[in-house]
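coords.txt follows; it contains compact mmCIF, C-alpha atoms.
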```
# COMPACT_ATOMS: atom_id res chain seq x y z
CA MET B 1283 0.00 0.00 0.00
CA SER B 1284 2.75 2.46 0.84
CA GLU B 1285 4.39 2.16 -2.63
CA THR B 1286 1.18 3.17 -4.38
CA THR B 1287 0.59 5.90 -1.83
CA LEU B 1288 4.14 7.17 -2.34
CA ARG B 1289 3.62 7.35 -6.13
CA ARG B 1290 0.41 9.31 -5.75
CA LEU B 1291 2.00 11.57 -3.18
CA ARG B 1292 4.94 12.33 -5.49
CA ALA B 1293 2.62 13.14 -8.36
CA ILE B 1294 0.75 15.64 -6.20
CA ARG B 1295 3.98 17.07 -4.87
CA ARG B 1296 5.37 17.60 -8.40
CA GLU B 1297 2.17 19.32 -9.43
CA LEU B 1298 2.26 21.66 -6.45
CA GLU B 1299 5.95 22.41 -7.01
CA SER B 1300 5.32 23.30 -10.62
CA ARG B 1301 2.61 25.75 -9.55
CA VAL B 1302 4.81 27.66 -7.10
CA ARG B 1303 8.15 26.89 -8.76
CA GLU B 1304 9.66 25.85 -5.45
CA SER B 1305 10.61 22.50 -4.05
CA ALA B 1306 9.62 21.32 -0.57
CA ILE B 1307 12.79 21.36 1.50
CA ILE B 1308 13.73 20.36 5.03
CA VAL B 1309 16.17 22.47 7.03
CA VAL B 1310 17.41 22.12 10.59
CA LEU B 1311 18.25 25.09 12.82
CA MET B 1312 21.09 24.36 15.21
CA GLY B 1313 22.63 26.64 17.77
CA ALA B 1314 22.91 27.72 21.37
CA SER B 1315 20.18 27.47 24.00
CA GLY B 1316 18.57 30.41 25.82
CA GLN B 1317 18.07 33.41 23.53
CA GLY B 1318 19.48 31.37 20.68
CA LEU B 1319 16.68 28.82 21.08
CA SER B 1320 14.03 31.57 21.15
CA GLN B 1321 15.50 33.02 18.00
CA ARG B 1322 15.47 29.65 16.27
CA ARG B 1323 11.83 29.14 17.20
CA ARG B 1324 10.88 32.50 15.68
CA LEU B 1325 12.89 31.60 12.60
CA ARG B 1326 11.10 28.27 12.34
CA SER B 1327 7.75 30.08 12.30
CA ALA B 1328 8.92 32.53 9.65
CA LEU B 1329 10.27 29.72 7.46
CA SER B 1330 7.09 27.71 7.92
CA ARG B 1331 4.96 30.63 6.71
CA ARG B 1332 7.16 30.67 3.65
CA GLY B 1333 6.63 26.94 3.02
CA VAL B 1334 9.96 25.66 4.36
CA LEU B 1335 9.86 22.81 6.85
CA ALA B 1336 12.28 23.81 9.62
CA LEU B 1337 13.31 21.64 12.54
CA VAL B 1338 14.44 22.84 15.94
CA PRO B 1339 16.01 19.72 17.50
CA GLU B 1340 15.18 20.64 21.10
CA ASP B 1341 11.47 20.92 20.28
CA ASP B 1342 10.87 18.50 17.45
CA PHE B 1343 12.77 15.33 18.29
CA PRO B 1344 11.44 12.77 20.79
CA LYS B 1345 12.91 12.98 24.26
CA ASP B 1346 13.12 9.17 24.37
CA ILE B 1347 16.40 9.26 22.44
CA ALA B 1348 19.64 11.05 23.31
CA PRO B 1349 19.95 14.23 21.19
CA SER B 1350 23.45 13.32 20.02
CA ILE B 1351 22.18 10.03 18.58
CA VAL B 1352 19.35 11.72 16.69
CA GLU B 1353 21.69 14.39 15.42
CA ARG B 1354 24.19 11.86 14.12
CA ALA B 1355 21.44 9.95 12.30
CA MET B 1356 19.93 13.15 10.97
CA LEU B 1357 23.13 14.54 9.54
CA SER B 1358 24.67 11.35 8.21
CA ARG B 1359 21.71 9.39 6.86
CA ALA B 1360 18.59 11.52 6.66
CA ASP B 1361 17.11 13.63 3.89
CA ILE B 1362 17.63 17.13 5.28
CA ASP B 1363 18.54 19.68 2.64
CA LEU B 1364 20.33 22.29 4.74
CA ALA B 1365 21.61 22.58 8.31
CA PHE B 1366 21.97 26.11 9.61
CA ILE B 1367 24.28 26.43 12.59
CA ASN B 1368 24.64 29.72 14.45
CA LEU B 1369 28.01 29.63 16.21
CA LYS B 1370 27.81 31.62 19.41
CA SER B 1371 28.81 29.28 22.20
CA TRP B 1372 31.64 26.86 22.83
CA GLY B 1373 29.12 24.04 22.65
CA THR B 1374 28.06 24.82 19.11
CA ALA B 1375 31.63 25.49 18.06
CA THR B 1376 32.60 22.02 19.29
CA GLU B 1377 29.63 20.59 17.44
CA PHE B 1378 30.74 22.37 14.27
CA GLY B 1379 34.18 20.81 14.60
CA GLN B 1380 32.62 17.35 14.62
CA LEU B 1381 30.16 18.04 11.80
CA HIS B 1382 32.88 19.50 9.59
CA GLN B 1383 34.62 16.12 9.56
CA ILE B 1384 31.72 14.23 8.00
CA ARG B 1385 31.76 15.06 4.30
CA ARG B 1386 28.10 14.28 3.64
CA THR B 1387 27.16 16.53 6.54
CA ALA B 1388 29.68 19.29 5.85
CA ARG B 1389 28.20 19.91 2.38
CA LYS B 1390 24.82 20.69 3.90
CA LEU B 1391 26.06 23.04 6.60
CA ARG B 1392 25.33 26.74 6.38
CA VAL B 1393 27.41 28.32 9.13
CA LEU B 1394 26.61 31.69 10.66
CA VAL B 1395 29.40 33.43 12.57
CA ASN B 1396 30.11 36.76 14.20
CA PRO B 1397 31.98 38.95 11.65
CA GLU B 1398 34.96 39.25 14.01
CA HIS B 1399 35.49 35.50 13.73
CA HIS B 1400 34.81 35.20 10.03
CA PRO B 1401 38.02 34.00 8.33
CA LEU B 1402 37.86 36.67 5.60
CA HIS B 1403 35.99 39.57 7.22
CA GLY B 1404 37.38 39.37 10.76
CA LYS B 1405 40.73 39.71 12.44
CA SER B 1406 40.59 36.72 14.77
CA ARG B 1407 43.49 34.28 14.62
CA SER B 1408 41.91 31.63 16.81
CA TYR B 1409 41.89 27.92 16.10
CA LEU B 1410 38.20 28.11 15.36
CA THR B 1411 38.62 30.86 12.79
CA ASP B 1412 41.29 28.74 11.18
CA LEU B 1413 38.84 25.82 11.08
CA TYR B 1414 36.22 28.09 9.51
CA LEU B 1415 38.75 28.99 6.81
CA THR B 1416 39.34 25.33 6.02
CA HIS B 1417 35.61 24.73 5.85
CA LEU B 1418 35.11 27.80 3.67
CA ALA B 1419 37.83 26.70 1.27
CA ALA B 1420 36.49 23.13 1.04
CA TYR B 1421 32.74 23.69 1.11
CA GLY B 1422 31.97 27.40 1.18
CA HIS B 1423 28.99 28.63 3.19
CA ILE B 1424 30.43 30.52 6.15
CA TYR B 1425 28.34 33.67 6.55
CA PRO B 1426 29.07 36.70 8.74
CA VAL B 1427 25.91 37.79 10.56
CA THR B 1428 25.18 40.48 13.06
CA THR B 1429 22.62 40.94 15.82
CA THR B 1430 22.97 44.70 15.93
CA ARG B 1431 21.24 45.54 12.63
CA ARG B 1432 24.30 47.54 11.62
CA PRO B 1433 25.49 47.20 8.04
CA PRO B 1434 27.24 45.81 6.18
CA PHE B 1435 26.43 42.40 7.59
CA PRO B 1436 22.91 41.00 7.50
CA SER B 1437 20.93 39.58 10.40
CA VAL B 1438 20.58 35.87 11.11
CA LYS B 1439 16.94 35.96 10.00
CA LYS B 1440 17.65 37.70 6.71
CA THR B 1441 20.49 35.32 5.91
CA VAL B 1442 18.58 32.14 6.72
CA MET B 1443 15.36 33.20 4.99
CA LYS B 1444 17.11 34.25 1.78
CA LEU B 1445 19.26 31.16 1.57
CA ALA B 1446 16.47 28.70 2.41
CA VAL B 1447 13.93 30.18 -0.01
CA ARG B 1448 16.42 30.49 -2.83
CA TYR B 1449 17.55 26.91 -2.27
CA ALA B 1450 13.92 25.75 -2.53
CA GLN B 1451 13.57 27.66 -5.82
CA TRP B 1452 16.85 26.35 -7.18
CA LYS B 1453 16.02 22.76 -6.26
CA ALA B 1454 12.73 23.00 -8.15
CA LEU B 1455 14.54 23.92 -11.35
CA ARG B 1456 17.26 21.25 -11.22
CA MET I 258 -5.62 27.47 -4.27
CA ARG I 259 -3.73 30.51 -3.06
CA THR I 260 0.06 30.49 -2.93
CA LYS I 261 0.13 30.38 0.86
CA GLN I 262 -2.16 27.36 0.86
CA ILE I 263 -0.09 25.63 -1.83
CA LEU I 264 3.10 26.18 0.18
CA SER I 265 1.43 24.76 3.27
CA GLU I 266 0.24 21.67 1.37
CA LEU I 267 3.67 21.32 -0.24
CA ARG I 268 5.32 21.30 3.17
CA MET I 269 3.11 18.40 4.25
CA TYR I 270 3.53 16.39 1.05
CA GLY I 271 7.27 17.02 1.20
CA ALA I 272 7.31 15.70 4.75
CA LEU I 273 5.60 12.46 3.69
CA ASP I 274 7.72 11.99 0.56
CA ASN I 275 10.19 9.52 2.01
CA GLY I 276 9.60 5.75 2.11
CA SER I 277 10.61 5.26 5.74
CA ARG I 278 8.76 8.31 6.95
CA LEU I 279 5.59 7.35 5.08
CA ARG I 280 5.76 3.84 6.58
CA ALA I 281 6.09 5.34 10.05
CA TYR I 282 3.17 7.66 9.41
CA LEU I 283 0.95 4.87 8.09
CA ALA I 284 1.84 2.70 11.10
CA LEU I 285 0.92 5.38 13.62
CA SER I 286 -2.24 6.21 11.68
CA GLU I 287 -3.28 2.57 12.00
CA SER I 288 -2.40 2.56 15.71
CA PRO I 289 -2.94 6.02 17.23
CA GLY I 290 -1.15 6.36 20.54
CA ILE I 291 1.59 3.93 19.55
CA GLY I 292 4.77 4.31 21.59
CA PHE I 293 8.17 5.16 20.18
CA ASN I 294 9.81 1.77 20.81
CA GLU I 295 6.86 -0.16 19.37
CA LEU I 296 6.85 2.10 16.31
CA ALA I 297 10.59 1.52 15.78
CA ARG I 298 10.04 -2.21 15.95
CA ARG I 299 7.05 -2.15 13.60
CA VAL I 300 8.69 -0.10 10.84
CA GLY I 301 12.14 -1.63 11.30
CA LEU I 302 14.07 1.62 11.66
CA GLN I 303 16.98 2.48 13.91
CA LYS I 304 15.80 4.67 16.75
CA GLY I 305 17.96 7.69 15.91
CA LEU I 306 16.64 7.81 12.37
CA LEU I 307 13.04 7.18 13.45
CA ALA I 308 13.33 10.05 15.92
CA TYR I 309 14.38 12.30 13.05
CA HIS I 310 11.49 11.18 10.84
CA LEU I 311 8.98 11.72 13.64
CA GLY I 312 10.44 15.18 14.16
CA VAL I 313 9.81 15.99 10.51
CA LEU I 314 6.23 14.72 10.69
CA LYS I 315 5.63 16.75 13.84
CA ALA I 316 7.16 19.91 12.36
CA ALA I 317 4.96 19.46 9.29
CA GLY I 318 1.84 19.36 11.44
CA LEU I 319 0.99 15.75 10.53
CA VAL I 320 1.66 14.16 13.91
CA LYS I 321 1.18 15.13 17.54
CA VAL I 322 3.14 13.76 20.46
CA ARG I 323 2.10 13.06 24.01
CA TYR I 324 4.43 12.01 26.78
CA GLY I 325 3.43 9.31 29.21
CA ARG I 326 3.54 9.82 32.96
CA MET I 327 6.46 7.59 33.74
CA SER I 328 9.85 8.29 35.23
CA LYS I 329 11.39 7.80 31.77
CA GLU I 330 10.14 9.97 28.93
CA THR I 331 7.91 7.84 26.72
CA SER I 332 6.42 9.43 23.68
CA LYS I 333 3.18 8.38 22.00
CA TYR I 334 2.15 9.39 18.52
CA TYR I 335 -1.14 10.41 16.96
CA PRO I 336 -2.07 11.66 13.50
CA THR I 337 -3.42 15.21 13.48
CA GLY I 338 -6.63 16.25 11.74
CA GLU I 339 -4.57 17.66 8.86
CA GLY I 340 -2.64 14.42 8.62
CA LYS I 341 -5.81 12.35 8.43
CA ARG I 342 -7.24 14.65 5.79
CA LEU I 343 -4.11 14.28 3.66
CA LEU I 344 -4.10 10.51 3.94
CA GLU I 345 -7.78 10.31 2.98
CA LYS I 346 -7.03 12.47 -0.05
CA LEU I 347 -4.16 10.19 -1.09
CA ASN I 348 -6.23 7.06 -0.64
CA SER I 349 -9.19 8.43 -2.54
CA LYS I 350 -7.24 9.13 -5.79
```

Structure encoded using structure tokens:
Amino acid sequence: MSETTLRRLRAIRRELESRVRESAIIVVLMGASGQGLSQRRRLRSALSRRGVLALVPEDDFPKDIAPSIVERAMLSRADIDLAFINLKSWGTATEFGQLHQIRRTARKLRVLVNPEHHPLHGKSRSYLTDLYLTHLAAYGHIYPVTTTRRPPFPSVKKTVMKLAVRYAQWKALR
Amino acid sequence: MRTKQILSELRMYGALDNGSRLRAYLALSESPGIGFNELARRVGLQKGLLAYHLGVLKAAGLVKVRYGRMSKETSKYYPTGEGKRLLEKLNSK
């Protein structure tokens, strides 16, 4: 039954995609807790209104399973399109270091960093900035973002929304 | 259908468009209130991956989760009204 259902589902999906010229995509929003989590929740709502399915791991994954196990499965074997990671805390920076090493995962990462730590825009000479430079050279997708609404760098919301929506449009045309 | 409505429908169809995820959704539709471990056993998925798929279904508004009152977190899964409507539409074509 599920094979037939899947065929019908895909036919409907293709028809809907052709009408809006966008593909249905799945993104995950990773980052720090506290204000970072509140921000990711608001972002999830904004993306949802725009038709993008966005996951916030702390809210959406079952508490029965350790988060690290779900994350590993999600990033190495699942069908997510993009993983946005906002690097603000040591925890997320450590996580980035691990994710960067898995090629399949690294290609999907879209990394948001403070401009001071961006390997091209900033002046930091830390180990992490050096790691960002390696990632940027190998995969691209390290974006400087600001929380102060001061140019020239965009906000987290603007960056994520633009990238996610454009990706959905690009995927529909492939 | 207006664009906003199409995007909303697309999000749900996109969420179901995965063999493993669809199997999980069909299984919990047949057995509302099924627990996580039982669902993993029934669809034959590793728990980490099943947790991800259930997260997608929840984020798409197709599934709701309730936690049991035990010392260990135990999640139980139910199709939402939207999820049931979508499945009926698929089965009627």

Per residue of chain B within 9 Å of chain I, note the shortest atom pair and the distance in Å to one decimal, counting only C-alpha atoms, and order the rows by chain and increasing residue number, as a Markdown table.
```
| residue | atom | partner | partner_atom | distance |
| --- | --- | --- | --- | --- |
| B:Ser1284 | CA | I:Arg280 | CA | 6.6 |
| B:Glu1285 | CA | I:Gly276 | CA | 7.9 |
| B:Thr1287 | CA | I:Leu347 | CA | 6.4 |
| B:Leu1288 | CA | I:Asp274 | CA | 6.7 |
| B:Arg1290 | CA | I:Leu347 | CA | 6.6 |
| B:Leu1291 | CA | I:Tyr270 | CA | 6.6 |
| B:Arg1292 | CA | I:Asp274 | CA | 6.7 |
| B:Ile1294 | CA | I:Tyr270 | CA | 7.8 |
| B:Arg1295 | CA | I:Tyr270 | CA | 6.0 |
| B:Leu1298 | CA | I:Leu267 | CA | 6.4 |
| B:Glu1299 | CA | I:Leu267 | CA | 7.2 |
| B:Arg1301 | CA | I:Ile263 | CA | 8.2 |
| B:Val1302 | CA | I:Thr260 | CA | 6.9 |
| B:Glu1304 | CA | I:Leu264 | CA | 8.7 |
| B:Ser1305 | CA | I:Leu267 | CA | 8.0 |
| B:Ala1306 | CA | I:Gly271 | CA | 5.2 |
| B:Ile1307 | CA | I:Gly271 | CA | 7.0 |
| B:Ile1308 | CA | I:Ala272 | CA | 7.9 |
| B:Ser1330 | CA | I:Ser265 | CA | 7.9 |
| B:Arg1331 | CA | I:Lys261 | CA | 7.6 |
| B:Arg1332 | CA | I:Leu264 | CA | 7.0 |
| B:Gly1333 | CA | I:Leu264 | CA | 4.6 |
| B:Val1334 | CA | I:Arg268 | CA | 6.5 |
| B:Leu1335 | CA | I:Arg268 | CA | 6.0 |
| B:Ala1336 | CA | I:Ala316 | CA | 7.0 |
| B:Leu1337 | CA | I:Ala316 | CA | 6.4 |
| B:Val1338 | CA | I:Ala316 | CA | 8.6 |
| B:Pro1339 | CA | I:Gly312 | CA | 7.9 |
| B:Asp1341 | CA | I:Gly312 | CA | 8.5 |
| B:Asp1342 | CA | I:Gly312 | CA | 4.7 |
| B:Phe1343 | CA | I:Gly312 | CA | 4.7 |
| B:Pro1344 | CA | I:Ala308 | CA | 5.9 |
| B:Lys1345 | CA | I:Glu330 | CA | 6.2 |
| B:Asp1346 | CA | I:Glu330 | CA | 5.5 |
| B:Ile1347 | CA | I:Gly305 | CA | 6.9 |
| B:Ala1348 | CA | I:Gly305 | CA | 8.3 |
| B:Pro1349 | CA | I:Gly305 | CA | 8.6 |
| B:Ser1350 | CA | I:Gly305 | CA | 8.9 |
| B:Ile1351 | CA | I:Gly305 | CA | 5.5 |
| B:Val1352 | CA | I:Gly305 | CA | 4.3 |
| B:Glu1353 | CA | I:Gly305 | CA | 7.7 |
| B:Arg1354 | CA | I:Gly305 | CA | 7.7 |
| B:Ala1355 | CA | I:Leu306 | CA | 5.3 |
| B:Met1356 | CA | I:Tyr309 | CA | 6.0 |
| B:Arg1359 | CA | I:Leu306 | CA | 7.7 |
| B:Ala1360 | CA | I:Leu306 | CA | 7.1 |
| B:Asp1361 | CA | I:Asn275 | CA | 8.3 |
```

Quiz item: What does the distance from atom CA of B:Leu1445 to atom CA of B:Arg1326 come to in Å, to one decimal?
Solution: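 Between atom CA of B:Leu1445 and atom CA of B:Arg1326 the gap works out to 13.8 Å.
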
Quiz item: What does the distance between atom CA of B:Val1393 and atom CA of B:Asn1368 come to in Å, to one decimal place?
Solution: 6.2 Å

Quiz item: Which value, in Å to one decimal, gives the distance between atom CA of I:Ile291 and atom CA of I:Val320?
Solution: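 Between atom CA of I:Ile291 and atom CA of I:Val320 the gap is 11.7 Å.
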
Set up a box along x, y and z of the file covering all listed atoms of stretch 258-264 of chain I, add 3 Å on every one of the six sides, and write the centre and edge lengths in Å to one decimal, as JSON.
```
{"center_x": -1.3, "center_y": 28.1, "center_z": -1.7, "size_x": 14.7, "size_y": 10.9, "size_z": 11.1}
```

Self-check item: Long-range neighbours of stretch 1402-1417 of chain B as a PyMOL selection string, 8 Å cut-off, all atoms listed in the file, 4 positions minimum in chain
Solution: chain B and resi 1375+1379+1382+1397-1398+1421-1422+1424+1426

Quiz item: Counting only C-alpha atoms, what is within 6 Å of B:Arg1392, bar same-chain residues fewer than 2 positions away, as a PyMOL selection string?
Solution: chain B and resi 1365-1366+1423
